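Data first, discussion second: the structure below is written as structure tokens.
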Amino acid sequence: MTNSTAATGTGNPLIIDGKTYQSRLLVGTGKYKDLDETREAIAASDAEIVTVAVRRTNIGQNPDEPNLLDVISPDKYTILPNTAGCYTAKDAVRTCRLARELLGGHDLVKLEVLGDQKTLYPDITETLVAAEELIKDGFKVMVYTTDDPIIAKRLEDMGCVAVMPLGAPIGSGLGIRNPYNIRMILENATVPILVDAGVGTASDATIAMELGCDGVLMNTAIAAAQNPVMMARAMKGAVECGRDAYLAGRMPRKLYASASSPIDGTFFK
């Protein structure tokens, strides 16, 4: 159990880099049909942390284009710039520095360095290089990685404030493909562990939370739904239900049946 999941009730907050959040659902801003749908879906999710792809979204670097921050105000949400679309450590570091400049010194970022365009799997070598440089430069790094427990622990030990293993490839909607690795990551972690990528529907988010994850980050599962606003509400409930179930503690699995109304001690035998 991670430090952040040691709880006495469902109201226990998520804590990232010393800041408290009531919602354990983090959402992205890509793939919506327009900014109005983006705003409505994010509002329905009740998310407090919203991630933004700096290389693909205007947050002020293009003054003549619509600004995403007009519909997701930094006064209401914690904006989490991410390095989606970066394939080298150099590009990722440059993107984070641009975001810090655009957001007035904001230093909480989501680092992802991808290996190729087909799988969108993380390039771990470049991720480690970028994480080290960003941490030295004063950034608070939430890092996207594979579900390798050794790499996850190494990133934590480097100083990342949260580790975000994939559940499945980005945008695949396949759900949690390797729950055993996620469990191993959780057992050794002392920073928040959030599943990032692969969620397709509400039950996937619930499973991630039932495993003991501190949160779930998603974008496509909401934005690509036939009704994104309704799916955003579903994901909110799924994360909350999964968290409750984790804290409640599930019954043991048994090979054989166990009567829910035992006859021991009753009149009829």
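Just remember, in the structure tokens the first chain shown is A, the second B, etc., residues are 1-based per chain, and ligands are 1-based in the order shown.
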
Go through range 24-46 of chain A residue by residue and, counting only C-alpha atoms, keep those with an atom at most 12 Å from range 186-194 of chain A; for each kept residue give the shortest atom pair and its distance in Å to one decimal, ordered by chain and increasing number, as JSON lines.
{"residue": "A:Arg24", "atom": "CA", "partner": "A:Leu194", "partner_atom": "CA", "distance": 8.8}
{"residue": "A:Leu25", "atom": "CA", "partner": "A:Leu194", "partner_atom": "CA", "distance": 9.3}
{"residue": "A:Leu26", "atom": "CA", "partner": "A:Leu194", "partner_atom": "CA", "distance": 9.1}
{"residue": "A:Val27", "atom": "CA", "partner": "A:Leu194", "partner_atom": "CA", "distance": 11.9}

- Item | Spatial neighbours of Thr51 in chain A, 9 Å, only C-alpha atoms, chain gap at least 6 places, as a ChimeraX atom specification | /A:26-29,78-82,109-110,217,219

- Item | Residue neighbourhood Ile170 in chain A, 12 Å, only C-alpha atoms, exclusion window fewer than 6 positions, as a ChimeraX atom specification | /A:84-85,112,114,116-122,144-146,176,195-200,217-221

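Nearest-residue note for Asp17 in chain A: choosing from A:Cys160, A:Gly237, A:Ser258, A:Lys90, the minimum distance belongs to A:Cys160, counting only C-alpha atoms.
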
- Item | Selection: 6 Å around range 206-208 of chain A, only C-alpha atoms, excl. self and same-chain fewer than 4 positions, as a ChimeraX atom specification | /A:213,238-239,242

Any chance you could export the current selection's N, CA, C and O atoms as a CSV table (one decimal), in the first residue's frame?
chain,number,residue,atom,x,y,z
A,213,CYS,N,-4.6,1.5,-6.9
A,213,CYS,CA,-4.0,2.7,-7.5
A,213,CYS,C,-4.6,4.0,-6.9
A,213,CYS,O,-5.7,4.0,-6.4
A,238,ALA,N,-17.1,5.5,-11.5
A,238,ALA,CA,-16.3,4.3,-11.5
A,238,ALA,C,-15.1,4.4,-10.6
A,238,ALA,O,-14.7,3.5,-9.9
A,239,VAL,N,-14.4,5.5,-10.7
A,239,VAL,CA,-13.2,5.8,-9.9
A,239,VAL,C,-13.6,5.8,-8.4
A,239,VAL,O,-13.0,5.2,-7.5
A,242,GLY,N,-14.6,2.2,-7.3
A,242,GLY,CA,-13.4,1.3,-7.2
A,242,GLY,C,-12.6,1.6,-5.9
A,242,GLY,O,-12.0,0.7,-5.3

- From the list A:Val141, A:Leu174, A:Ile135, A:Ile49, which residue is nearest Asp75 in chain A when using only C-alpha atoms?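 Between A:Val141, A:Leu174, A:Ile135, A:Ile49, the residue approaching Asp75 in chain A most closely is A:Ile49.
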
- Would you mind telling me which residue in A:Glu48, A:Glu210, A:Asp36, A:Ile42 lies nearest to Thr20 in chain A when using only C-alpha atoms? A:Glu48

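Coordinates place CA of Val52 in chain A at a distance of 22.0 Å from CA of Gln226 in chain A.
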
- Message: Report, in Å to a single decimal, how far apart CA of Gly173 in chain A and CA of Ile150 in chain A are.
- Response: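 Computed distance, CA of Ile150 in chain A to CA of Gly173 in chain A, equals 25.1 Å.
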
- Item | Contacts of Leu98 in chain A at 12 Å (only C-alpha atoms; same-chain gap of 5+ positions) as a PyMOL selection string | chain A and resi 53-55+58-61+81-83+91-93+103-107+109

- Query: For Lys19 in chain A, which residue among A:Lys140, A:Lys153, A:Arg39, A:Arg97 is the nearest when counting only C-alpha atoms?
  - Reply: A:Lys140
